[in-house]
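Reproduced below: upload02.txt, with compact mmCIF, C-alpha atoms.
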```txt
# COMPACT_ATOMS: atom_id res chain seq x y z
CA MET F 1 6.76 -13.53 21.48
CA ASN F 2 8.07 -16.56 19.57
CA PHE F 3 10.72 -14.79 17.51
CA TYR F 4 11.91 -18.03 15.89
CA ALA F 5 8.46 -18.67 14.44
CA VAL F 6 8.04 -15.07 13.32
CA ARG F 7 11.45 -15.13 11.66
CA ALA F 8 10.73 -18.45 9.94
CA ILE F 9 7.47 -17.23 8.38
CA TYR F 10 9.00 -13.86 7.53
CA ASN F 11 12.06 -15.45 5.85
CA PHE F 12 9.84 -17.84 3.91
CA GLU F 13 7.78 -14.97 2.51
CA MET F 14 10.87 -12.93 1.64
CA ALA F 15 12.42 -15.98 -0.04
CA ARG F 16 9.29 -16.30 -2.20
CA THR F 17 9.84 -12.71 -3.31
CA ARG F 18 13.40 -13.50 -4.35
CA ARG F 19 12.17 -16.50 -6.34
CA THR F 20 9.61 -14.36 -8.17
CA LEU F 21 11.73 -11.24 -8.58
CA MET F 22 10.28 -10.36 -11.99
CA GLN F 23 6.68 -10.46 -10.75
CA SER F 24 7.31 -8.99 -7.28
CA ILE F 25 9.73 -6.13 -7.99
CA ILE F 26 10.64 -5.58 -11.62
CA SER F 27 7.11 -5.67 -13.07
CA PRO F 28 5.63 -3.07 -10.65
CA VAL F 29 8.63 -0.78 -11.19
CA ILE F 30 8.24 -0.96 -14.97
CA SER F 31 4.48 -0.38 -14.77
CA THR F 32 4.88 2.67 -12.53
CA SER F 33 7.68 4.01 -14.73
CA LEU F 34 5.35 3.79 -17.72
CA TYR F 35 2.73 5.76 -15.79
CA PHE F 36 5.39 8.32 -15.05
CA VAL F 37 6.56 8.59 -18.66
CA VAL F 38 3.05 8.70 -20.17
CA PHE F 39 1.47 11.11 -17.69
CA GLY F 40 4.61 13.18 -17.34
CA ALA F 41 5.01 13.57 -21.09
CA ALA F 42 1.35 13.94 -22.04
CA ILE F 43 0.16 16.19 -19.22
CA GLY F 44 3.48 17.72 -18.20
CA SER F 45 3.77 19.44 -21.57
CA ARG F 46 0.49 21.25 -20.85
CA ILE F 47 0.95 21.79 -17.08
CA PRO F 48 4.58 22.72 -16.51
CA GLU F 49 4.17 23.37 -12.78
CA ILE F 50 1.73 22.86 -9.90
CA GLU F 51 2.22 25.24 -6.99
CA GLY F 52 5.81 25.85 -8.05
CA VAL F 53 6.75 22.17 -8.43
CA PRO F 54 7.48 20.73 -11.90
CA TYR F 55 4.63 18.43 -12.89
CA GLY F 56 6.89 15.43 -13.39
CA ALA F 57 8.19 15.77 -9.84
CA PHE F 58 4.73 16.56 -8.45
CA ILE F 59 3.26 13.18 -9.48
CA VAL F 60 6.12 11.09 -8.06
CA PRO F 61 4.66 10.77 -4.51
CA GLY F 62 1.27 9.81 -5.96
CA LEU F 63 2.79 7.15 -8.20
CA ILE F 64 4.82 5.71 -5.34
CA MET F 65 1.69 5.65 -3.18
CA LEU F 66 -0.29 3.96 -5.97
CA SER F 67 2.23 1.14 -6.15
CA LEU F 68 2.66 0.99 -2.38
CA LEU F 69 -1.07 0.54 -1.76
CA THR F 70 -1.69 -2.05 -4.46
CA GLN F 71 1.44 -4.08 -3.75
CA SER F 72 0.91 -4.06 0.03
CA VAL F 73 -2.61 -5.43 -0.42
CA THR F 74 -1.58 -7.96 -3.07
CA ASN F 75 1.49 -9.29 -1.24
CA ALA F 76 -0.27 -9.72 2.08
CA SER F 77 -3.47 -11.21 0.64
CA PHE F 78 -1.63 -13.79 -1.45
CA GLY F 79 0.78 -14.56 1.40
CA ILE F 80 -1.98 -15.74 3.78
CA TYR F 81 -4.39 -17.08 1.13
CA PHE F 82 -1.92 -19.48 -0.47
CA PRO F 83 -1.38 -21.54 2.74
CA ARG F 84 -5.17 -21.73 3.10
CA PHE F 85 -5.48 -22.86 -0.51
CA THR F 86 -2.80 -25.56 -0.22
CA GLY F 87 -3.79 -26.64 3.28
CA THR F 88 -0.44 -25.80 4.85
CA ILE F 89 -2.21 -23.30 7.11
CA TYR F 90 -2.91 -26.25 9.44
CA GLU F 91 0.81 -26.67 10.03
CA ILE F 92 1.01 -23.07 11.20
CA LEU F 93 -2.14 -23.29 13.31
CA SER F 94 -0.94 -26.49 15.01
CA ALA F 95 2.47 -25.00 15.79
CA PRO F 96 3.15 -23.08 19.02
CA VAL F 97 2.58 -19.77 17.24
CA SER F 98 0.09 -17.19 18.45
CA TYR F 99 -2.25 -15.28 16.17
CA MET F 100 -0.34 -12.08 16.86
CA GLU F 101 2.91 -13.71 15.72
CA ILE F 102 1.27 -14.92 12.51
CA VAL F 103 0.03 -11.40 11.77
CA VAL F 104 3.41 -9.83 12.58
CA ALA F 105 5.24 -12.25 10.29
CA TYR F 106 2.95 -12.08 7.25
CA VAL F 107 2.18 -8.37 7.49
CA GLY F 108 5.82 -7.56 8.25
CA ALA F 109 7.00 -9.44 5.17
CA ALA F 110 4.39 -7.81 2.91
CA ALA F 111 5.20 -4.33 4.27
CA THR F 112 8.93 -4.93 3.81
CA LYS F 113 8.42 -5.86 0.16
CA SER F 114 6.32 -2.74 -0.43
CA ILE F 115 8.83 -0.45 1.27
CA ILE F 116 11.69 -1.89 -0.79
CA LEU F 117 9.59 -1.36 -3.92
CA GLY F 118 8.82 2.23 -2.91
CA VAL F 119 12.50 3.01 -2.33
CA ILE F 120 13.41 1.54 -5.73
CA MET F 121 10.73 3.65 -7.41
CA LEU F 122 11.96 6.73 -5.61
CA GLY F 123 15.46 6.11 -6.91
CA THR F 124 14.13 5.45 -10.41
CA ALA F 125 12.10 8.68 -10.42
CA ALA F 126 15.18 10.63 -9.34
CA LEU F 127 16.77 9.66 -12.66
CA PHE F 128 14.02 11.46 -14.58
CA VAL F 129 13.13 14.52 -12.52
CA PRO F 130 14.77 16.67 -9.84
CA LEU F 131 13.36 15.52 -6.51
CA ARG F 132 13.63 17.07 -3.09
CA ILE F 133 12.55 15.67 0.25
CA GLU F 134 11.99 18.49 2.71
CA HIS F 135 10.90 16.23 5.57
CA PRO F 136 12.69 12.87 5.24
CA ILE F 137 11.63 11.55 8.66
CA TRP F 138 7.98 12.23 7.87
CA MET F 139 8.45 10.64 4.46
CA VAL F 140 9.75 7.42 6.04
CA LEU F 141 6.98 7.52 8.65
CA PHE F 142 4.20 7.80 6.04
CA LEU F 143 5.90 5.15 3.89
CA VAL F 144 6.11 2.63 6.75
CA LEU F 145 2.67 3.37 8.22
CA THR F 146 0.97 3.10 4.83
CA ALA F 147 2.76 -0.14 3.97
CA VAL F 148 1.83 -1.73 7.31
CA THR F 149 -1.75 -0.44 7.24
CA PHE F 150 -2.55 -1.73 3.77
CA SER F 151 -0.67 -4.96 4.35
CA LEU F 152 -3.15 -5.49 7.18
CA LEU F 153 -5.96 -4.81 4.71
CA GLY F 154 -4.41 -7.36 2.34
CA PHE F 155 -4.21 -9.88 5.19
CA ILE F 156 -7.93 -9.36 5.82
CA ILE F 157 -8.69 -9.88 2.13
CA GLY F 158 -6.57 -13.04 2.07
CA ILE F 159 -8.66 -14.52 4.87
CA TRP F 160 -11.95 -13.29 3.40
CA ALA F 161 -11.29 -14.50 -0.16
CA ASP F 162 -12.50 -17.95 -1.20
CA GLY F 163 -10.91 -17.83 -4.65
CA PHE F 164 -7.96 -16.28 -6.49
CA GLU F 165 -10.22 -13.89 -8.38
CA LYS F 166 -11.30 -12.22 -5.13
CA LEU F 167 -7.68 -11.46 -4.25
CA GLN F 168 -7.56 -8.96 -7.13
CA LEU F 169 -11.05 -7.55 -6.57
CA VAL F 170 -10.13 -4.87 -4.02
CA PRO F 171 -6.76 -3.77 -5.53
CA LEU F 172 -8.14 -3.44 -9.07
CA LEU F 173 -11.69 -2.21 -8.50
CA ILE F 174 -11.29 -0.15 -5.32
CA ILE F 175 -7.69 0.77 -4.44
CA THR F 176 -6.54 1.79 -7.94
CA PRO F 177 -9.59 3.98 -8.79
CA LEU F 178 -9.48 5.65 -5.36
CA THR F 179 -5.78 6.39 -5.86
CA PHE F 180 -6.31 7.88 -9.31
CA LEU F 181 -9.13 10.05 -7.93
CA GLY F 182 -7.22 10.90 -4.76
CA GLY F 183 -4.87 13.52 -6.16
CA SER F 184 -2.10 11.30 -7.53
CA PHE F 185 -1.80 13.35 -10.72
CA TYR F 186 -3.28 16.67 -9.64
CA SER F 187 -3.88 18.91 -6.67
CA THR F 188 -7.40 18.89 -5.27
CA HIS F 189 -7.10 22.68 -4.95
CA ILE F 190 -7.74 22.98 -8.70
CA LEU F 191 -11.13 21.26 -8.38
CA PRO F 192 -14.39 23.18 -8.05
CA PRO F 193 -15.50 23.57 -4.42
CA PHE F 194 -18.21 20.89 -4.68
CA TRP F 195 -15.93 18.22 -6.14
CA ARG F 196 -13.14 19.12 -3.73
CA THR F 197 -15.55 18.46 -0.85
CA VAL F 198 -16.56 15.14 -2.43
CA THR F 199 -12.91 14.19 -2.85
CA LEU F 200 -12.32 14.58 0.89
CA PHE F 201 -14.47 11.48 1.41
CA ASN F 202 -11.82 9.51 -0.47
CA PRO F 203 -9.52 8.04 2.24
CA VAL F 204 -6.57 7.82 -0.14
CA VAL F 205 -6.48 11.63 -0.42
CA TYR F 206 -5.12 11.85 3.12
CA LEU F 207 -2.37 9.31 2.44
CA ILE F 208 -1.19 10.97 -0.75
CA SER F 209 -1.44 14.47 0.71
CA GLY F 210 0.70 13.63 3.74
CA PHE F 211 3.25 11.78 1.63
CA ARG F 212 3.52 14.64 -0.89
CA TRP F 213 3.88 17.16 1.95
CA SER F 214 6.96 15.29 3.15
CA PHE F 215 8.52 15.93 -0.27
CA TYR F 216 7.56 19.49 -1.18
CA GLY F 217 5.73 20.95 1.80
CA LEU F 218 2.51 20.98 -0.26
CA ALA F 219 -0.64 19.38 1.10
CA ASP F 220 -4.31 19.21 0.14
CA VAL F 221 -5.18 18.66 3.80
CA SER F 222 -3.32 19.28 7.05
CA VAL F 223 -0.44 16.88 7.65
CA GLY F 224 -1.80 16.28 11.15
CA VAL F 225 -5.13 15.19 9.66
CA SER F 226 -3.29 12.94 7.19
CA LEU F 227 -1.35 11.27 9.98
CA GLY F 228 -4.46 10.95 12.12
CA MET F 229 -6.46 9.31 9.31
CA THR F 230 -3.61 6.88 8.63
CA LEU F 231 -3.58 5.84 12.29
CA VAL F 232 -7.37 5.46 12.22
CA PHE F 233 -7.13 3.10 9.23
CA LEU F 234 -4.41 1.15 11.04
CA ALA F 235 -6.54 0.80 14.17
CA VAL F 236 -9.61 -0.27 12.19
CA PHE F 237 -7.75 -2.95 10.24
CA LEU F 238 -6.09 -4.23 13.41
CA SER F 239 -9.51 -4.55 15.03
CA ILE F 240 -10.87 -6.49 12.06
CA VAL F 241 -7.89 -8.87 12.08
CA ALA F 242 -8.32 -9.43 15.81
CA TRP F 243 -12.03 -10.21 15.29
CA MET F 244 -11.24 -12.65 12.46
CA PHE F 245 -8.78 -14.61 14.58
CA LYS F 246 -11.06 -14.55 17.61
CA THR F 247 -13.98 -16.00 15.66
CA GLY F 248 -11.87 -18.23 13.40
CA TYR F 249 -13.48 -16.56 10.39
CA ARG F 250 -12.68 -18.68 7.30
CA LEU F 251 -9.17 -19.28 8.59
CA LYS F 252 -9.33 -23.04 8.15
CA ASN F 253 -11.41 -23.14 4.97
```

Mind converting the file's structure to structure tokens?
Amino acid sequence: MNFYAVRAIYNFEMARTRRTLMQSIISPVISTSLYFVVFGAAIGSRIPEIEGVPYGAFIVPGLIMLSLLTQSVTNASFGIYFPRFTGTIYEILSAPVSYMEIVVAYVGAAATKSIILGVIMLGTAALFVPLRIEHPIWMVLFLVLTAVTFSLLGFIIGIWADGFEKLQLVPLLIITPLTFLGGSFYSTHILPPFWRTVTLFNPVVYLISGFRWSFYGLADVSVGVSLGMTLVFLAVFLSIVAWMFKTGYRLKN
């Protein structure tokens, strides 16, 4: 493992975040806070509690997961696409850096940004509602695994995309709707049996359920199933990345 190369790419990506602090950190925090205020005020006045948890506190894990998923994908996809767009990817490919080291550096930087953002949002939410974290180790585990998994997805999108508009295609048209329909603002237990069964085909349900369980001990599906599905997504995305590098899929275009 060429740690110098990994550190150089990682530091470069983190430095870009510091240069674009408003876009990378502040803007997502403000957007998620607005979700929290609007949904918490509008719906919370009608639904004071869900399974014994105040509604404002109940939606916090879902909002954090919404931001975590979208930002992980966006950060990683832009991080690898921009060198392809400018042509500087050839400098990386000609350097003594393996494909695994490139993935570790770019995905690690994107996941780090998302985790920092999630922690900031958690602290911000604590100012508005009383939060409790019953299983902090599990909370950190789901946070890290989700950030890494969807940073890998973003890396795949960054290689697949042949234009800037495609970088936003998956986060806006797929990730965000799936998150809204995955129990971010409600428990799937309140749905009719048919629609609850349909909802279980939404992969984001398992991520949100496991993350919320780490806070309040409430889950729409078993925490073991949530963890298992997260690991399955991780394995699938790793396999796709490995195939892309092996075949050279669009990497130099």

Can you pull out every residue within 10 Å of Gly154 in chain F, counting all atoms listed in the file, but drop anything in the same chain fewer than 3 positions away, and send it as a PDB file with C-alpha atoms, keeping the file's coordinate frame?
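This went into out-v3.pdb:
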```pdb
ATOM      1  CA  LEU F  69      -1.070   0.540  -1.760  1.00  0.00           C
ATOM      2  CA  THR F  70      -1.690  -2.050  -4.460  1.00  0.00           C
ATOM      3  CA  GLN F  71       1.440  -4.080  -3.750  1.00  0.00           C
ATOM      4  CA  SER F  72       0.910  -4.060   0.030  1.00  0.00           C
ATOM      5  CA  VAL F  73      -2.610  -5.430  -0.420  1.00  0.00           C
ATOM      6  CA  THR F  74      -1.580  -7.960  -3.070  1.00  0.00           C
ATOM      7  CA  ASN F  75       1.490  -9.290  -1.240  1.00  0.00           C
ATOM      8  CA  ALA F  76      -0.270  -9.720   2.080  1.00  0.00           C
ATOM      9  CA  SER F  77      -3.470 -11.210   0.640  1.00  0.00           C
ATOM     10  CA  PHE F  78      -1.630 -13.790  -1.450  1.00  0.00           C
ATOM     11  CA  GLY F  79       0.780 -14.560   1.400  1.00  0.00           C
ATOM     12  CA  ILE F  80      -1.980 -15.740   3.780  1.00  0.00           C
ATOM     13  CA  TYR F  81      -4.390 -17.080   1.130  1.00  0.00           C
ATOM     14  CA  VAL F 107       2.180  -8.370   7.490  1.00  0.00           C
ATOM     15  CA  ALA F 110       4.390  -7.810   2.910  1.00  0.00           C
ATOM     16  CA  VAL F 148       1.830  -1.730   7.310  1.00  0.00           C
ATOM     17  CA  THR F 149      -1.750  -0.440   7.240  1.00  0.00           C
ATOM     18  CA  PHE F 150      -2.550  -1.730   3.770  1.00  0.00           C
ATOM     19  CA  SER F 151      -0.670  -4.960   4.350  1.00  0.00           C
ATOM     20  CA  ILE F 157      -8.690  -9.880   2.130  1.00  0.00           C
ATOM     21  CA  GLY F 158      -6.570 -13.040   2.070  1.00  0.00           C
ATOM     22  CA  ILE F 159      -8.660 -14.520   4.870  1.00  0.00           C
ATOM     23  CA  TRP F 160     -11.950 -13.290   3.400  1.00  0.00           C
ATOM     24  CA  LEU F 167      -7.680 -11.460  -4.250  1.00  0.00           C
ATOM     25  CA  VAL F 170     -10.130  -4.870  -4.020  1.00  0.00           C
ATOM     26  CA  PRO F 171      -6.760  -3.770  -5.530  1.00  0.00           C
ATOM     27  CA  PHE F 237      -7.750  -2.950  10.240  1.00  0.00           C
TER      28      PHE F 237
END
```

Check: So how far away is CA of Ile208 in chain F from CA of Val53 in chain F, in Å?
Finding: 15.7 Å

Output as lines of an AutoDock Vina configuration file the centre and edge lengths (Å, one decimal) of the box along x, y and z of the file that holds every listed atom of range 73-90 of chain F after adding 8 Å on each side.
```
center_x = -2.0
center_y = -16.0
center_z = 3.2
size_x = 23.0
size_y = 37.2
size_z = 28.5
```

Each residue of range 21-98 of chain F with at least one atom at most 9 Å from range 131-144 of chain F should appear once, together with its nearest atom pair and the corresponding distance in Å (one decimal); atoms considered: all atoms listed in the file; ordering: chain, then increasing residue number; output as a Markdown table.
```
| residue | atom | partner | partner_atom | distance |
| --- | --- | --- | --- | --- |
| F:Ala57 | CA | F:Leu131 | CA | 6.2 |
| F:Phe58 | CA | F:Leu131 | CA | 8.9 |
| F:Val60 | CA | F:Leu131 | CA | 8.6 |
| F:Met65 | CA | F:Leu143 | CA | 8.2 |
| F:Leu68 | CA | F:Leu143 | CA | 8.2 |
```

Checklist line | Among listed residues F:Leu153, F:Leu145, F:Leu181, F:Val129, nearest Phe36 in chain F (using only C-alpha atoms) | finding: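 Closest to Phe36 in chain F of all the choices is F:Val129.
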
Next item on the list: Excluding Ser226 in chain F and residues on its chain fewer than 5 positions from it, collect all residues at most 8 Å away from it, counting all atoms listed in the file, and give them as a list in words.
Entry: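 Selected residues are Tyr206, Leu207, Ser209, Gly210 and Val221 of chain F.
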
Margin query: As an exercise, work out the distance from CA of Pro130 in chain F to CA of Tyr55 in chain F in Å and give it to one decimal place.
Written below: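 According to the coordinates, CA of Pro130 in chain F and CA of Tyr55 in chain F are separated by 10.7 Å.
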
Check: So what do you get for CA of Val119 in chain F versus CA of Pro83 in chain F, distance-wise?
Finding: 28.7 Å

Margin query: Could you list, as a PyMOL selection string, every residue within 12 Å of Glu49 in chain F, counting all atoms listed in the file and ignoring same-chain residues fewer than 6 positions away?
Written below: chain F and resi 40+43+55-59+185-187

Notebook entry, point to check: When distances are computed from all atoms listed in the file, which of F:Val104, F:Ile115, F:Leu63, F:Ile174 shows the smallest separation from Arg212 in chain F?
Noted result: F:Leu63

Check: When distances are computed from all atoms listed in the file, which of F:Leu200, F:Ala15, F:Ile102, F:Leu127 shows the smallest separation from Leu178 in chain F?
Finding: F:Leu200

Next item on the list: Choose the residue, out of F:Gly52, F:Arg7, F:Thr17, F:Val29, that has the smallest atom-to-atom separation from Tyr216 in chain F; count only C-alpha atoms.
Entry: F:Gly52
